[in-house]
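Shown below: query24.tsv, with TSV, C-alpha atoms.
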chain	number	residue	atom	x	y	z
J	188	GLY	CA	170.18	108.28	198.70
J	189	GLU	CA	168.37	107.21	201.79
J	190	ASP	CA	167.44	103.57	202.07
J	191	VAL	CA	165.29	101.50	204.40
J	192	GLU	CA	165.58	97.72	204.54
J	193	GLN	CA	163.40	95.04	206.10
J	194	SER	CA	163.17	91.28	205.98
J	195	LEU	CA	160.28	90.25	203.75
J	196	PHE	CA	158.51	87.50	205.69
J	197	LEU	CA	157.81	86.49	209.28
J	198	SER	CA	155.62	83.63	210.45
J	199	VAL	CA	154.60	83.18	214.09
J	200	ARG	CA	152.03	81.23	216.08
J	201	GLU	CA	149.10	82.94	217.71
J	202	GLY	CA	150.01	84.11	221.20
J	203	ASP	CA	153.75	84.34	220.46
J	204	SER	CA	155.66	87.60	220.16
J	205	SER	CA	156.60	88.95	216.74
J	206	VAL	CA	159.70	91.03	216.10
J	207	ILE	CA	160.01	92.92	212.85
J	208	ASN	CA	163.35	94.51	212.09
J	209	CYS	CA	164.35	97.49	209.98
J	210	THR	CA	167.60	99.25	209.14
J	211	TYR	CA	167.88	102.75	207.73
J	212	THR	CA	170.63	104.96	206.39
J	213	ASP	CA	169.43	108.51	207.07
J	214	SER	CA	170.80	109.56	210.43
J	215	SER	CA	169.07	112.95	210.48
J	216	SER	CA	165.48	111.74	210.88
J	217	THR	CA	163.74	113.10	213.94
J	218	TYR	CA	161.04	110.45	213.92
J	219	LEU	CA	160.70	106.94	212.53
J	220	TYR	CA	157.36	105.31	211.84
J	221	TRP	CA	155.69	101.93	211.57
J	222	TYR	CA	152.73	101.46	209.25
J	223	LYS	CA	150.43	98.45	208.87
J	224	GLN	CA	148.76	97.48	205.62
J	225	GLU	CA	146.09	94.81	205.45
J	226	PRO	CA	145.33	93.20	202.07
J	227	GLY	CA	143.79	95.66	199.64
J	228	ALA	CA	143.69	98.38	202.29
J	229	GLY	CA	145.42	101.63	203.02
J	230	LEU	CA	148.36	102.32	205.29
J	231	GLN	CA	147.55	102.64	208.96
J	232	LEU	CA	149.97	104.58	211.16
J	233	LEU	CA	150.71	102.16	214.01
J	234	THR	CA	153.29	103.97	216.06
J	235	TYR	CA	156.34	106.17	215.88
J	236	ILE	CA	159.47	106.83	217.88
J	237	PHE	CA	161.33	110.04	218.43
J	238	SER	CA	165.01	109.83	217.59
J	239	ASN	CA	166.19	110.68	221.11
J	240	MET	CA	164.32	107.70	222.56
J	241	ASP	CA	165.58	104.13	222.84
J	242	MET	CA	162.24	102.52	223.44
J	243	LYS	CA	158.56	103.28	223.22
J	244	GLN	CA	155.76	101.06	224.45
J	245	ASP	CA	152.18	101.38	223.27
J	246	GLN	CA	149.90	98.60	224.56
J	247	ARG	CA	151.04	95.41	222.74
J	248	LEU	CA	153.56	97.31	220.63
J	249	THR	CA	157.15	98.01	221.62
J	250	VAL	CA	159.49	99.99	219.39
J	251	LEU	CA	163.23	99.78	219.95
J	252	LEU	CA	165.67	102.18	218.35
J	253	ASN	CA	169.44	101.71	218.16
J	254	LYS	CA	170.70	104.93	216.62
J	255	LYS	CA	174.31	103.81	216.58
J	256	ASP	CA	173.49	100.81	214.40
J	257	LYS	CA	170.56	102.58	212.63
J	258	HIS	CA	168.32	99.70	213.59
J	259	LEU	CA	164.65	99.87	214.41
J	260	SER	CA	162.43	97.05	215.57
J	261	LEU	CA	158.74	96.54	216.24
J	262	ARG	CA	157.69	93.92	218.77
J	263	ILE	CA	154.09	92.77	218.89
J	264	ALA	CA	153.25	90.92	222.07
J	265	ASP	CA	150.60	88.17	222.15
J	266	THR	CA	150.27	88.20	218.36
J	267	GLN	CA	146.75	87.58	217.09
J	268	THR	CA	145.46	86.43	213.70
J	269	GLY	CA	144.16	89.96	213.17
J	270	ASP	CA	147.77	91.15	213.24
J	271	SER	CA	148.42	89.37	209.93
J	272	ALA	CA	149.40	92.14	207.53
J	273	ILE	CA	152.37	93.82	205.90
J	274	TYR	CA	154.33	96.09	208.21
J	275	PHE	CA	156.33	98.96	206.75
J	276	CYS	CA	159.10	100.84	208.44
J	277	ALA	CA	159.18	104.46	207.20
J	278	ASP	CA	161.78	107.18	207.41
J	279	PRO	CA	160.86	110.79	206.59
J	280	GLY	CA	164.10	111.13	204.70
J	281	GLY	CA	162.78	113.49	202.04
J	282	SER	CA	163.53	117.17	202.28
J	283	GLN	CA	159.89	117.96	202.99
J	284	GLY	CA	159.18	114.89	205.03
J	285	ASN	CA	158.10	112.53	202.31
J	286	LEU	CA	158.37	109.00	203.59
J	287	ILE	CA	160.87	106.44	202.39
J	288	PHE	CA	159.46	102.99	203.02
J	289	GLY	CA	161.10	99.65	203.49
J	290	LYS	CA	159.90	96.81	201.26
J	291	GLY	CA	157.54	95.68	204.00
J	292	THR	CA	157.51	92.57	206.19
J	293	LYS	CA	154.61	90.21	205.63
J	294	LEU	CA	153.56	88.84	209.00
J	295	SER	CA	151.61	85.57	208.94
J	296	VAL	CA	150.02	84.42	212.18
J	297	LYS	CA	149.11	80.75	212.43
J	298	PRO	CA	146.33	79.65	214.81
W	190	ALA	CA	137.77	111.33	213.75
W	191	ALA	CA	137.85	112.55	210.18
W	192	GLY	CA	140.24	110.72	207.87
W	193	VAL	CA	141.77	111.37	204.48
W	194	ILE	CA	139.22	110.88	201.71
W	195	GLN	CA	140.15	109.74	198.25
W	196	SER	CA	137.99	109.39	195.19
W	197	PRO	CA	137.33	107.40	193.23
W	198	ARG	CA	138.26	104.21	195.06
W	199	HIS	CA	138.56	102.25	191.84
W	200	LEU	CA	139.20	103.43	188.30
W	201	ILE	CA	139.58	101.54	185.06
W	202	LYS	CA	141.06	103.32	182.08
W	203	GLU	CA	142.45	102.37	178.71
W	204	LYS	CA	145.95	103.09	177.47
W	205	ARG	CA	146.49	106.69	176.38
W	206	GLU	CA	143.46	107.92	178.34
W	207	THR	CA	143.59	110.47	181.16
W	208	ALA	CA	142.63	110.09	184.81
W	209	THR	CA	142.07	112.48	187.70
W	210	LEU	CA	142.41	111.35	191.29
W	211	LYS	CA	141.13	113.47	194.15
W	212	CYS	CA	142.26	113.76	197.75
W	213	TYR	CA	140.63	115.55	200.67
W	214	PRO	CA	143.04	115.88	203.62
W	215	ILE	CA	142.17	115.74	207.28
W	216	PRO	CA	140.72	119.13	208.34
W	217	ARG	CA	143.42	121.63	209.35
W	218	HIS	CA	146.20	119.57	207.78
W	219	ASP	CA	148.28	121.80	205.53
W	220	THR	CA	150.43	119.25	203.69
W	221	VAL	CA	149.42	116.64	201.14
W	222	TYR	CA	151.58	113.84	199.74
W	223	TRP	CA	150.93	111.49	196.83
W	224	TYR	CA	152.39	107.98	196.69
W	225	GLN	CA	152.22	105.19	194.14
W	226	GLN	CA	152.25	101.55	195.21
W	227	GLY	CA	152.73	98.93	192.50
W	228	PRO	CA	151.67	95.32	193.08
W	229	GLY	CA	153.79	93.78	195.84
W	230	GLN	CA	155.84	96.96	196.15
W	231	ASP	CA	156.40	99.55	198.82
W	232	PRO	CA	154.83	102.99	198.33
W	233	GLN	CA	156.92	105.41	196.29
W	234	PHE	CA	156.69	109.15	196.81
W	235	LEU	CA	155.41	111.16	193.85
W	236	ILE	CA	154.84	114.76	194.91
W	237	SER	CA	153.87	116.90	197.89
W	238	PHE	CA	152.24	120.25	198.56
W	239	TYR	CA	152.46	122.55	201.55
W	240	GLU	CA	150.02	125.45	201.84
W	241	LYS	CA	149.00	125.03	198.19
W	242	MET	CA	152.55	125.22	196.86
W	243	GLN	CA	154.50	122.26	195.54
W	244	SER	CA	157.04	121.41	198.21
W	245	ASP	CA	158.85	118.36	196.90
W	246	LYS	CA	158.92	116.08	193.89
W	247	GLY	CA	159.81	112.43	193.75
W	248	SER	CA	159.60	109.88	190.98
W	249	ILE	CA	156.62	111.45	189.26
W	250	PRO	CA	156.49	111.02	185.47
W	251	ASP	CA	156.21	114.15	183.32
W	252	ARG	CA	152.83	112.81	182.14
W	253	PHE	CA	151.49	113.38	185.67
W	254	SER	CA	150.73	116.69	187.29
W	255	ALA	CA	149.14	117.70	190.55
W	256	GLN	CA	147.95	120.72	192.45
W	257	GLN	CA	146.52	121.69	195.79
W	258	PHE	CA	143.52	123.99	195.83
W	259	SER	CA	142.46	126.81	198.16
W	260	ASP	CA	140.35	124.39	200.22
W	261	TYR	CA	143.48	122.18	200.58
W	262	HIS	CA	142.12	119.33	198.53
W	263	SER	CA	144.50	117.98	195.91
W	264	GLU	CA	144.14	116.41	192.50
W	265	LEU	CA	146.56	114.16	190.66
W	266	ASN	CA	146.15	114.35	186.88
W	267	MET	CA	147.52	111.51	184.81
W	268	SER	CA	147.68	111.65	181.03
W	269	SER	CA	148.72	109.25	178.26
W	270	LEU	CA	148.18	106.36	180.66
W	271	GLU	CA	150.39	103.32	180.28
W	272	LEU	CA	149.91	99.75	181.46
W	273	GLY	CA	152.67	100.32	184.01
W	274	ASP	CA	150.65	103.06	185.68
W	275	SER	CA	148.32	100.41	187.10
W	276	ALA	CA	148.82	100.73	190.85
W	277	LEU	CA	147.35	101.90	194.11
W	278	TYR	CA	147.63	105.64	194.50
W	279	PHE	CA	147.66	106.95	198.04
W	280	CYS	CA	147.22	110.41	199.32
W	281	ALA	CA	148.48	111.28	202.80
W	282	SER	CA	148.09	114.43	204.83
W	283	SER	CA	149.99	115.90	207.73
W	284	LEU	CA	150.25	119.01	209.85
W	285	ASN	CA	153.65	120.39	208.98
W	286	GLY	CA	156.02	120.07	211.89
W	287	ALA	CA	153.71	117.99	214.04
W	288	ARG	CA	155.72	115.00	215.27
W	289	GLY	CA	158.02	115.32	212.36
W	290	TYR	CA	155.88	114.62	209.36
W	291	GLU	CA	153.36	112.20	210.84
W	292	GLN	CA	151.31	111.28	207.82
W	293	TYR	CA	147.83	109.82	207.69
W	294	PHE	CA	146.95	107.88	204.59
W	295	GLY	CA	143.71	107.65	202.70
W	296	PRO	CA	142.28	104.31	201.55
W	297	GLY	CA	143.84	104.71	198.11
W	298	THR	CA	142.58	104.73	194.53
W	299	ARG	CA	143.17	101.51	192.63
W	300	LEU	CA	143.90	102.43	189.02
W	301	THR	CA	143.79	99.71	186.39
W	302	VAL	CA	144.98	100.55	182.89
W	303	THR	CA	143.94	98.09	180.19
Write-out of the structure in structure tokens:
Amino acid sequence: GEDVEQSLFLSVREGDSSVINCTYTDSSSTYLYWYKQEPGAGLQLLTYIFSNMDMKQDQRLTVLLNKKDKHLSLRIADTQTGDSAIYFCADPGGSQGNLIFGKGTKLSVKP
Amino acid sequence: AAGVIQSPRHLIKEKRETATLKCYPIPRHDTVYWYQQGPGQDPQFLISFYEKMQSDKGSIPDRFSAQQFSDYHSELNMSSLELGDSALYFCASSLNGARGYEQYFGPGTRLTVT
């Protein structure tokens, strides 16, 4: 079945850029999503990218998509302590669009 | 902007009891999804509804059932609760076809089974 993989941890210093990587197996997805989850909170839709795009920029967020390698990345510029959270890559691989999530990358931002 | 509403936010039940979780989607959204997130885990898809009909089923135990009502709200019914059912239960809603299946999540219901 479809699978989404992410590295589990990333630690950066405040002001640096963060890059969170994701690989997926389903090549038919039209969109791919990034969600953010703060401790004890729900899942916040951060951004998405359409499958015919290579890059999408949204303020401090840049999403890169390499369809050939089935690799997705999320870059957060000027990372702040408020960016500390778990970031999930999600692929609507289900037949009716249900999301398949990666294990999540826990981003820790040190002052 | 209106968001997905879930109730209750927290629920404590004993083993073998039943629980009902409610979800109110964003107005005009026609699709509802239920996910279960165990401690330290990624969310796992349980079941979805489109226009009040079940549209897809994931790893939902037979002890669980769900439905979507005429006003589009949805309820997840859980019976014979087990300790392993302790988790965060999320409801998400989307407008079918809009940007793929762009889903907006509610704050979740934290179920603790003792």
Next item on the list: Could you jot down the atom CA of W:Gln256 to atom CA of W:Ala281 separation for me, Å, one decimal place?
Entry: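 Separation between atom CA of W:Gln256 and atom CA of W:Ala281: 14.0 Å.
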Residues of stretch 191-295 of chain W at most 8 Å from stretch 278-294 of chain J: nearest atom pair and distance in Å, only C-alpha atoms, as a tab-separated table:
residue	atom	partner	partner_atom	distance
W:Tyr222	CA	J:Asn285	CA	7.1
W:Gln230	CA	J:Lys290	CA	6.5
W:Asp231	CA	J:Lys290	CA	5.1
W:Pro232	CA	J:Phe288	CA	6.6
W:Gln233	CA	J:Ile287	CA	7.3
W:Phe234	CA	J:Asn285	CA	6.6
W:Ser237	CA	J:Asn285	CA	7.5
W:Ser244	CA	J:Gln283	CA	6.5
W:Asp245	CA	J:Gln283	CA	6.2
W:Gly289	CA	J:Gly284	CA	7.4
W:Tyr290	CA	J:Gly284	CA	5.5
Check: By how many Å are atom CA of W:Ser254 and atom CA of W:Ile215 apart?
Finding: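 Here the two named atoms are 21.8 Å from each other.
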Next item on the list: Fewer than 3 positions away in the same chain doesn't count, so skip those; otherwise give me all residues within 8 Å of stretch 243-259 of chain J, counting only C-alpha atoms, as a PyMOL selection string.
Entry: chain J and resi 208-212+214+234-236+238+240+262-265
Check: When you draw a straight line from atom CA of J:Leu195 to atom CA of J:Tyr274, how long is it in Å?
Finding: 9.5 Å
Counting all atoms listed in the file, which residues of chain W come no farther than 10 Å from chain J, as a PDB file with C-alpha atoms, keeping the file's coordinate frame?
ATOM      1  CA  THR W 220     150.430 119.250 203.690  1.00  0.00           C
ATOM      2  CA  VAL W 221     149.420 116.640 201.140  1.00  0.00           C
ATOM      3  CA  TYR W 222     151.580 113.840 199.740  1.00  0.00           C
ATOM      4  CA  TRP W 223     150.930 111.490 196.830  1.00  0.00           C
ATOM      5  CA  TYR W 224     152.390 107.980 196.690  1.00  0.00           C
ATOM      6  CA  GLY W 229     153.790  93.780 195.840  1.00  0.00           C
ATOM      7  CA  GLN W 230     155.840  96.960 196.150  1.00  0.00           C
ATOM      8  CA  ASP W 231     156.400  99.550 198.820  1.00  0.00           C
ATOM      9  CA  PRO W 232     154.830 102.990 198.330  1.00  0.00           C
ATOM     10  CA  GLN W 233     156.920 105.410 196.290  1.00  0.00           C
ATOM     11  CA  PHE W 234     156.690 109.150 196.810  1.00  0.00           C
ATOM     12  CA  LEU W 235     155.410 111.160 193.850  1.00  0.00           C
ATOM     13  CA  ILE W 236     154.840 114.760 194.910  1.00  0.00           C
ATOM     14  CA  SER W 237     153.870 116.900 197.890  1.00  0.00           C
ATOM     15  CA  PHE W 238     152.240 120.250 198.560  1.00  0.00           C
ATOM     16  CA  TYR W 239     152.460 122.550 201.550  1.00  0.00           C
ATOM     17  CA  SER W 244     157.040 121.410 198.210  1.00  0.00           C
ATOM     18  CA  ASP W 245     158.850 118.360 196.900  1.00  0.00           C
ATOM     19  CA  LYS W 246     158.920 116.080 193.890  1.00  0.00           C
ATOM     20  CA  GLY W 247     159.810 112.430 193.750  1.00  0.00           C
ATOM     21  CA  LEU W 277     147.350 101.900 194.110  1.00  0.00           C
ATOM     22  CA  TYR W 278     147.630 105.640 194.500  1.00  0.00           C
ATOM     23  CA  PHE W 279     147.660 106.950 198.040  1.00  0.00           C
ATOM     24  CA  CYS W 280     147.220 110.410 199.320  1.00  0.00           C
ATOM     25  CA  ALA W 281     148.480 111.280 202.800  1.00  0.00           C
ATOM     26  CA  SER W 283     149.990 115.900 207.730  1.00  0.00           C
ATOM     27  CA  ASN W 285     153.650 120.390 208.980  1.00  0.00           C
ATOM     28  CA  GLY W 286     156.020 120.070 211.890  1.00  0.00           C
ATOM     29  CA  ARG W 288     155.720 115.000 215.270  1.00  0.00           C
ATOM     30  CA  GLY W 289     158.020 115.320 212.360  1.00  0.00           C
ATOM     31  CA  TYR W 290     155.880 114.620 209.360  1.00  0.00           C
ATOM     32  CA  GLU W 291     153.360 112.200 210.840  1.00  0.00           C
ATOM     33  CA  GLN W 292     151.310 111.280 207.820  1.00  0.00           C
ATOM     34  CA  TYR W 293     147.830 109.820 207.690  1.00  0.00           C
ATOM     35  CA  PHE W 294     146.950 107.880 204.590  1.00  0.00           C
ATOM     36  CA  GLY W 295     143.710 107.650 202.700  1.00  0.00           C
ATOM     37  CA  PRO W 296     142.280 104.310 201.550  1.00  0.00           C
ATOM     38  CA  GLY W 297     143.840 104.710 198.110  1.00  0.00           C
ATOM     39  CA  THR W 298     142.580 104.730 194.530  1.00  0.00           C
ATOM     40  CA  ARG W 299     143.170 101.510 192.630  1.00  0.00           C
TER      41      ARG W 299
END
Next item on the list: Select, from W:Ala276, W:Gln226, W:Ser196, W:Asp219, the residue with the minimum atom-to-atom distance to W:Ser259, counting only C-alpha atoms.
Entry: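 Looking only at the distances to W:Ser259, the closest residue turns out to be W:Asp219.
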Notebook entry, point to check: When distances are computed from only C-alpha atoms, which of J:Cys276, J:Thr266, J:Pro226, J:Met242 shows the smallest separation from J:Val199?
Noted result: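 For J:Val199, the nearest of the candidates is J:Thr266.
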Notebook entry, point to check: Need the neighbours of (149.6, 103.0, 185.7): which residues are at most 12 Å away, counting all atoms listed in the file, as a PyMOL selection string?
Noted result: chain W and resi 200-208+225-228+249-250+252-253+266-278+298-303
